[in-house]
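Raw target-v8.pdb, PDB, C-alpha atoms:
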MODEL        1
ATOM      1  CA  MET A 986     162.560 300.158   8.127
ATOM      2  CA  VAL A 987     159.612 298.529   6.391
ATOM      3  CA  ILE A 988     159.276 294.758   6.417
ATOM      4  CA  HIS A 989     156.624 293.124   4.269
ATOM      5  CA  ALA A 990     155.295 289.584   4.431
ATOM      6  CA  GLN A 991     156.339 288.820   0.847
ATOM      7  CA  PRO A 992     158.605 285.771   0.574
ATOM      8  CA  ARG A 993     161.155 287.431  -1.758
ATOM      9  CA  TYR A 994     162.324 290.777  -3.064
ATOM     10  CA  THR A 995     160.305 292.482  -5.793
ATOM     11  CA  ARG A 996     161.377 292.085  -9.417
ATOM     12  CA  THR A 997     162.431 295.723  -9.469
ATOM     13  CA  ALA A 998     164.603 295.296  -6.347
ATOM     14  CA  ILE A 999     166.166 292.167  -7.863
ATOM     15  CA  PHE A1000     166.864 293.955 -11.155
ATOM     16  CA  LEU A1001     168.426 296.957  -9.397
ATOM     17  CA  HIS A1002     170.548 294.679  -7.170
ATOM     18  CA  TRP A1003     172.060 292.787 -10.110
ATOM     19  CA  LEU A1004     172.409 295.958 -12.204
ATOM     20  CA  ILE A1005     174.460 297.545  -9.425
ATOM     21  CA  LEU A1006     176.637 294.434  -9.254
ATOM     22  CA  ALA A1007     177.242 294.521 -13.035
ATOM     23  CA  LEU A1008     178.065 298.239 -12.871
ATOM     24  CA  LEU A1009     180.467 297.667  -9.967
ATOM     25  CA  ILE A1010     182.267 294.906 -11.868
ATOM     26  CA  ALA A1011     182.622 297.218 -14.875
ATOM     27  CA  GLN A1012     183.684 300.129 -12.660
ATOM     28  CA  TYR A1013     186.381 298.204 -10.809
ATOM     29  CA  THR A1014     187.689 296.704 -14.049
ATOM     30  CA  ILE A1015     187.990 300.166 -15.587
ATOM     31  CA  ALA A1016     189.458 301.691 -12.406
ATOM     32  CA  TRP A1017     192.222 299.094 -12.265
ATOM     33  CA  THR A1018     193.114 299.490 -15.946
ATOM     34  CA  MET A1019     192.877 303.270 -16.374
ATOM     35  CA  PRO A1020     195.899 305.514 -15.850
ATOM     36  CA  HIS A1021     196.637 306.881 -12.396
ATOM     37  CA  ILE A1022     195.072 310.317 -12.037
ATOM     38  CA  GLY A1023     197.836 312.743 -11.174
ATOM     39  CA  ARG A1024     198.354 316.495 -11.329
ATOM     40  CA  ASN A1025     198.228 316.891 -15.128
ATOM     41  CA  THR A1026     196.499 313.681 -16.212
ATOM     42  CA  PRO A1027     194.380 314.238 -19.315
ATOM     43  CA  VAL A1028     190.857 312.809 -19.337
ATOM     44  CA  THR A1029     191.223 309.648 -21.403
ATOM     45  CA  THR A1030     188.420 307.456 -22.693
ATOM     46  CA  LEU A1031     188.824 305.093 -19.713
ATOM     47  CA  ILE A1032     188.760 307.939 -17.201
ATOM     48  CA  SER A1033     185.685 309.421 -18.875
ATOM     49  CA  LEU A1034     184.003 305.996 -18.865
ATOM     50  CA  HIS A1035     184.879 305.607 -15.163
ATOM     51  CA  PHE A1036     183.220 308.975 -14.467
ATOM     52  CA  SER A1037     180.129 308.024 -16.499
ATOM     53  CA  ILE A1038     179.669 304.694 -14.770
ATOM     54  CA  GLY A1039     180.147 306.429 -11.416
ATOM     55  CA  VAL A1040     177.323 308.837 -12.263
ATOM     56  CA  LEU A1041     175.185 305.869 -13.348
ATOM     57  CA  ILE A1042     175.928 303.957 -10.122
ATOM     58  CA  LEU A1043     174.962 307.020  -8.108
ATOM     59  CA  GLY A1044     171.666 307.335  -9.999
ATOM     60  CA  VAL A1045     170.834 303.633  -9.739
ATOM     61  CA  ILE A1046     171.631 303.464  -6.021
ATOM     62  CA  VAL A1047     169.375 306.464  -5.360
ATOM     63  CA  VAL A1048     166.555 304.678  -7.223
ATOM     64  CA  ARG A1049     167.359 301.481  -5.274
ATOM     65  CA  LEU A1050     167.190 303.339  -1.955
ATOM     66  CA  ILE A1051     163.876 304.976  -2.839
ATOM     67  CA  TRP A1052     162.485 301.600  -3.939
ATOM     68  CA  ARG A1053     163.734 299.921  -0.752
ATOM     69  CA  MET A1054     162.190 302.569   1.474
ATOM     70  CA  ALA A1055     158.875 302.434  -0.390
ATOM     71  CA  HIS A1056     158.616 298.643  -0.703
ATOM     72  CA  GLY A1057     160.620 297.378   2.248
ATOM     73  CA  GLU A1058     162.259 294.008   2.471
ATOM     74  CA  PRO A1059     160.831 290.518   2.800
ATOM     75  CA  THR A1060     160.193 289.034   6.196
ATOM     76  CA  PRO A1061     163.401 287.421   7.464
ATOM     77  CA  GLU A1062     163.698 283.747   6.595
ATOM     78  CA  ALA A1063     162.402 281.489   9.404
ATOM     79  CA  GLY A1064     165.161 280.098  11.580
ATOM     80  CA  VAL A1065     167.767 282.733  10.747
ATOM     81  CA  PRO A1066     169.287 283.917  14.042
ATOM     82  CA  PRO A1067     168.427 287.528  14.939
ATOM     83  CA  TRP A1068     172.120 288.543  14.986
ATOM     84  CA  GLN A1069     172.428 287.448  11.326
ATOM     85  CA  VAL A1070     169.324 289.444  10.373
ATOM     86  CA  ARG A1071     170.721 292.525  12.125
ATOM     87  CA  SER A1072     174.214 292.147  10.658
ATOM     88  CA  ALA A1073     172.747 291.699   7.160
ATOM     89  CA  ARG A1074     170.814 294.946   7.570
ATOM     90  CA  VAL A1075     173.920 296.783   8.796
ATOM     91  CA  ILE A1076     175.968 295.507   5.845
ATOM     92  CA  HIS A1077     173.209 296.425   3.360
ATOM     93  CA  TRP A1078     172.905 299.969   4.714
ATOM     94  CA  LEU A1079     176.687 300.427   4.841
ATOM     95  CA  LEU A1080     176.860 299.350   1.188
ATOM     96  CA  TYR A1081     174.057 301.767   0.264
ATOM     97  CA  LEU A1082     175.848 304.576   2.106
ATOM     98  CA  LEU A1083     179.196 303.834   0.467
ATOM     99  CA  LEU A1084     177.617 303.533  -2.982
ATOM    100  CA  VAL A1085     176.456 307.120  -2.539
ATOM    101  CA  ILE A1086     179.556 308.519  -0.814
ATOM    102  CA  VAL A1087     182.241 306.980  -3.060
ATOM    103  CA  PRO A1088     180.819 308.296  -6.379
ATOM    104  CA  VAL A1089     180.216 311.715  -4.807
ATOM    105  CA  LEU A1090     183.830 311.802  -3.566
ATOM    106  CA  GLY A1091     185.012 310.866  -7.065
ATOM    107  CA  TRP A1092     182.846 313.614  -8.550
ATOM    108  CA  ILE A1093     184.193 316.145  -6.036
ATOM    109  CA  ASN A1094     187.758 315.063  -6.836
ATOM    110  CA  ALA A1095     187.179 315.396 -10.589
ATOM    111  CA  SER A1096     185.784 318.888  -9.942
ATOM    112  CA  TYR A1097     188.778 319.742  -7.761
ATOM    113  CA  ARG A1098     191.104 318.627 -10.586
ATOM    114  CA  GLY A1099     189.135 320.574 -13.200
ATOM    115  CA  MET A1100     188.248 317.389 -15.063
ATOM    116  CA  PRO A1101     184.936 317.490 -16.929
ATOM    117  CA  VAL A1102     182.470 314.824 -15.864
ATOM    118  CA  THR A1103     179.931 313.835 -18.466
ATOM    119  CA  PHE A1104     177.313 311.140 -18.575
ATOM    120  CA  PHE A1105     178.576 309.019 -21.493
ATOM    121  CA  GLY A1106     179.449 312.199 -23.393
ATOM    122  CA  LEU A1107     175.786 313.236 -23.547
ATOM    123  CA  VAL A1108     175.311 315.506 -20.552
ATOM    124  CA  ARG A1109     177.949 317.376 -18.619
ATOM    125  CA  VAL A1110     177.355 317.239 -14.887
ATOM    126  CA  PRO A1111     178.101 320.373 -12.854
ATOM    127  CA  GLN A1112     181.292 320.816 -10.875
ATOM    128  CA  LEU A1113     180.684 320.351  -7.179
ATOM    129  CA  VAL A1114     183.674 322.360  -5.930
ATOM    130  CA  GLY A1115     186.060 324.918  -7.332
ATOM    131  CA  THR A1116     189.037 323.784  -9.370
ATOM    132  CA  HIS A1117     192.144 323.382  -7.193
ATOM    133  CA  ASP A1118     190.278 324.398  -4.048
ATOM    134  CA  ALA A1119     192.791 323.026  -1.523
ATOM    135  CA  ALA A1120     190.035 322.073   0.920
ATOM    136  CA  TRP A1121     189.088 319.192  -1.419
ATOM    137  CA  ARG A1122     192.540 317.772  -2.231
ATOM    138  CA  TRP A1123     191.921 314.740   0.037
ATOM    139  CA  THR A1124     188.838 313.482  -1.805
ATOM    140  CA  GLY A1125     190.681 311.368  -4.376
ATOM    141  CA  ASP A1126     192.559 309.409  -1.722
ATOM    142  CA  ILE A1127     189.431 308.792   0.354
ATOM    143  CA  HIS A1128     187.510 307.845  -2.820
ATOM    144  CA  THR A1129     190.094 305.177  -3.657
ATOM    145  CA  LEU A1130     190.572 303.910  -0.096
ATOM    146  CA  SER A1131     186.811 303.658   0.482
ATOM    147  CA  ALA A1132     186.290 301.819  -2.800
ATOM    148  CA  GLU A1133     189.078 299.329  -2.184
ATOM    149  CA  TYR A1134     189.014 298.876   1.591
ATOM    150  CA  ALA A1135     185.357 299.405   2.471
ATOM    151  CA  ILE A1136     183.139 298.502  -0.492
ATOM    152  CA  LEU A1137     185.085 295.424  -1.624
ATOM    153  CA  PRO A1138     185.270 293.800   1.845
ATOM    154  CA  LEU A1139     181.570 294.493   2.459
ATOM    155  CA  VAL A1140     180.646 293.010  -0.926
ATOM    156  CA  GLY A1141     182.825 290.026  -0.021
ATOM    157  CA  LEU A1142     180.947 289.584   3.284
ATOM    158  CA  HIS A1143     177.637 289.941   1.457
ATOM    159  CA  VAL A1144     178.581 287.239  -1.075
ATOM    160  CA  ALA A1145     180.037 284.963   1.624
ATOM    161  CA  ALA A1146     176.830 285.253   3.663
ATOM    162  CA  ALA A1147     174.683 284.434   0.622
ATOM    163  CA  LEU A1148     176.818 281.384  -0.152
ATOM    164  CA  TYR A1149     176.735 280.344   3.517
ATOM    165  CA  HIS A1150     172.944 280.426   3.452
ATOM    166  CA  TYR A1151     172.805 278.476   0.201
ATOM    167  CA  PHE A1152     175.437 275.803   0.830
ATOM    168  CA  ILE A1153     175.628 275.483   4.635
ATOM    169  CA  ARG A1154     172.244 276.490   6.051
ATOM    170  CA  ARG A1155     170.436 275.346   2.898
ATOM    171  CA  ASP A1156     167.705 277.936   3.378
ATOM    172  CA  ARG A1157     166.130 280.209   0.756
ATOM    173  CA  VAL A1158     167.867 283.496   1.641
ATOM    174  CA  LEU A1159     169.866 283.603  -1.617
ATOM    175  CA  GLN A1160     166.950 282.512  -3.798
ATOM    176  CA  ARG A1161     164.915 285.525  -2.623
ATOM    177  CA  MET A1162     167.281 287.753  -4.629
ATOM    178  CA  LEU A1163     167.845 285.523  -7.656
ATOM    179  CA  PRO A1164     165.987 286.445 -10.832
ATOM    180  CA  GLY A1165     163.436 283.930 -12.031
ATOM    181  CA  VAL A1166     163.745 281.556  -9.040
TER     182      VAL A1166
ENDMDL
END
If you took the structure in this file and wrote it as structure tokens, what would it be?
Amino acid sequence: MVIHAQPRYTRTAIFLHWLILALLIAQYTIAWTMPHIGRNTPVTTLISLHFSIGVLILGVIVVRLIWRMAHGEPTPEAGVPPWQVRSARVIHWLLYLLLVIVPVLGWINASYRGMPVTFFGLVRVPQLVGTHDAAWRWTGDIHTLSAEYAILPLVGLHVAAALYHYFIRRDRVLQRMLPGV
């Protein structure tokens, strides 16, 4: 893990952070309004959009991870207890991991179901597994459970910690990730 003496995240890191948040808001909104994907569910516009945004999230998180590894993170804010610094790092890396795993599981499940995955109708992405290969039947359930019961609680902790630093501790932890501050 690289730590640099800069006081805040780079503009690129800030942009990628907020882009991922916007994409997640769109993705969850679509996921909760699209039809349940069952045995013979046709690929509707909402399902196709869900797939496209999932591909985009996967691409953006890979760029974010590469940027993070190349540019590191700012030095921890003075006075923040070491356990909070460590727990923030754990939560960040768990979110990064899940933002790779959950889209890949969705992609595998779409492949298993024989559903075409395209990037906004422009480029068809390859199937990752064979259609109806029974070894991959579980991926849809784990995709949904991970999205709802792992990503959302971790995002909630992340937001709660940022608000804690802003309103309770009154330090500059949150401002280091705000654009233009």
Which of these, A:Val1040, A:Met1162, A:Ala1063, A:Leu1083, has the shortest distance to Val1110 of chain A once you count all atoms listed in the file?
-> A:Val1040
Minimum-distance residue to Val1102 of chain A, chosen among A:Val1089, A:Leu1163, A:Ile1051, A:Leu1080 (using all atoms listed in the file) =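 Under the stated criterion, the closest residue is A:Val1089.
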Name the residues that the PyMOL selection byres ((chain A and resi 1128-1138) around 7) pulls out of this structure, and write them as a compact mmCIF listing (two decimals) with C-alpha atoms, in the frame of the given file.
# COMPACT_ATOMS: atom_id res chain seq x y z
CA LEU A 1080 176.86 299.35 1.19
CA LEU A 1083 179.20 303.83 0.47
CA VAL A 1087 182.24 306.98 -3.06
CA LEU A 1090 183.83 311.80 -3.57
CA GLY A 1091 185.01 310.87 -7.06
CA THR A 1124 188.84 313.48 -1.80
CA GLY A 1125 190.68 311.37 -4.38
CA ASP A 1126 192.56 309.41 -1.72
CA ILE A 1127 189.43 308.79 0.35
CA LEU A 1139 181.57 294.49 2.46
CA VAL A 1140 180.65 293.01 -0.93
CA GLY A 1141 182.82 290.03 -0.02
CA LEU A 1142 180.95 289.58 3.28
In Å, with one decimal, what is the gap from atom CA of Gly1099 of chain A to atom CA of Trp1123 of chain A?
->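 Computing it gives 14.7 Å between the two atoms.
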Straight-line distance linking atom CA of Met1100 of chain A with atom CA of Val1085 of chain A, stated in Å to one decimal |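 It comes out at 20.0 Å.
Excluding Thr1030 of chain A itself and same-chain residues fewer than 6 positions from it, the residues having an atom within 12 Å of it are Ile1015, Ala1016, Thr1018, Met1019, Pro1020, Phe1036, Ser1037, Val1102, Thr1103, Phe1105 and Gly1106 of chain A, counting only C-alpha atoms.
Nearest-residue note for Arg1053 of chain A: choosing from A:Thr1026, A:Leu1004, A:Trp1078, A:Tyr1097, the minimum distance belongs to A:Trp1078, counting all atoms listed in the file.
Reported to one decimal place, the separation of atom CA of Trp1092 of chain A from atom CA of Val1028 of chain A is 13.5 Å.
The nearest approach to Leu1050 of chain A among the residues A:Val1070, A:Leu1001, A:Val1065, A:Ala1119, with all atoms listed in the file taken into account, belongs to A:Leu1001.
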Counting only C-alpha atoms, which residues of segment 1026-1120 of chain A sit at most 12 Å from some atom of segment 1153-1158 of chain A, and what is each one's closest atom pair with its distance in Å to one decimal, listed by chain and rising residue number, as JSON lines?
{"residue": "A:Glu1058", "atom": "CA", "partner": "A:Val1158", "partner_atom": "CA", "distance": 11.9}
{"residue": "A:Pro1059", "atom": "CA", "partner": "A:Val1158", "partner_atom": "CA", "distance": 10.0}
{"residue": "A:Thr1060", "atom": "CA", "partner": "A:Val1158", "partner_atom": "CA", "distance": 10.5}
{"residue": "A:Pro1061", "atom": "CA", "partner": "A:Val1158", "partner_atom": "CA", "distance": 8.3}
{"residue": "A:Glu1062", "atom": "CA", "partner": "A:Val1158", "partner_atom": "CA", "distance": 6.5}
{"residue": "A:Ala1063", "atom": "CA", "partner": "A:Asp1156", "partner_atom": "CA", "distance": 8.8}
{"residue": "A:Gly1064", "atom": "CA", "partner": "A:Asp1156", "partner_atom": "CA", "distance": 8.9}
{"residue": "A:Val1065", "atom": "CA", "partner": "A:Asp1156", "partner_atom": "CA", "distance": 8.8}
{"residue": "A:Pro1066", "atom": "CA", "partner": "A:Arg1154", "partner_atom": "CA", "distance": 11.3}
{"residue": "A:Gln1069", "atom": "CA", "partner": "A:Val1158", "partner_atom": "CA", "distance": 11.4}
{"residue": "A:Val1070", "atom": "CA", "partner": "A:Val1158", "partner_atom": "CA", "distance": 10.7}
{"residue": "A:Ala1073", "atom": "CA", "partner": "A:Val1158", "partner_atom": "CA", "distance": 11.0}
Looking at only C-alpha atoms, which of A:His1035, A:Pro992, A:Asn1025, A:Phe1152 is the one that sits closest to Tyr1013 of chain A?
->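 For Tyr1013 of chain A, the nearest of the candidates is A:His1035.
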Would you mind listing what lies within 12 Å of Val1048 of chain A as JSON, numbers by chain, with only C-alpha atoms counted and same-chain residues fewer than 6 positions away left out?
-> {"A": [997, 998, 1000, 1001, 1002, 1004, 1005, 1041, 1042, 1054, 1055, 1056, 1081, 1084, 1085]}
Specify the axis-aligned box that encloses all atoms of segment 1126-1145 of chain A listed in the file after padding of 6 Å on each side, stating its centre and edge lengths in Å to one decimal as JSON.
{"center_x": 185.1, "center_y": 297.2, "center_z": -0.2, "size_x": 26.9, "size_y": 36.4, "size_z": 18.9}
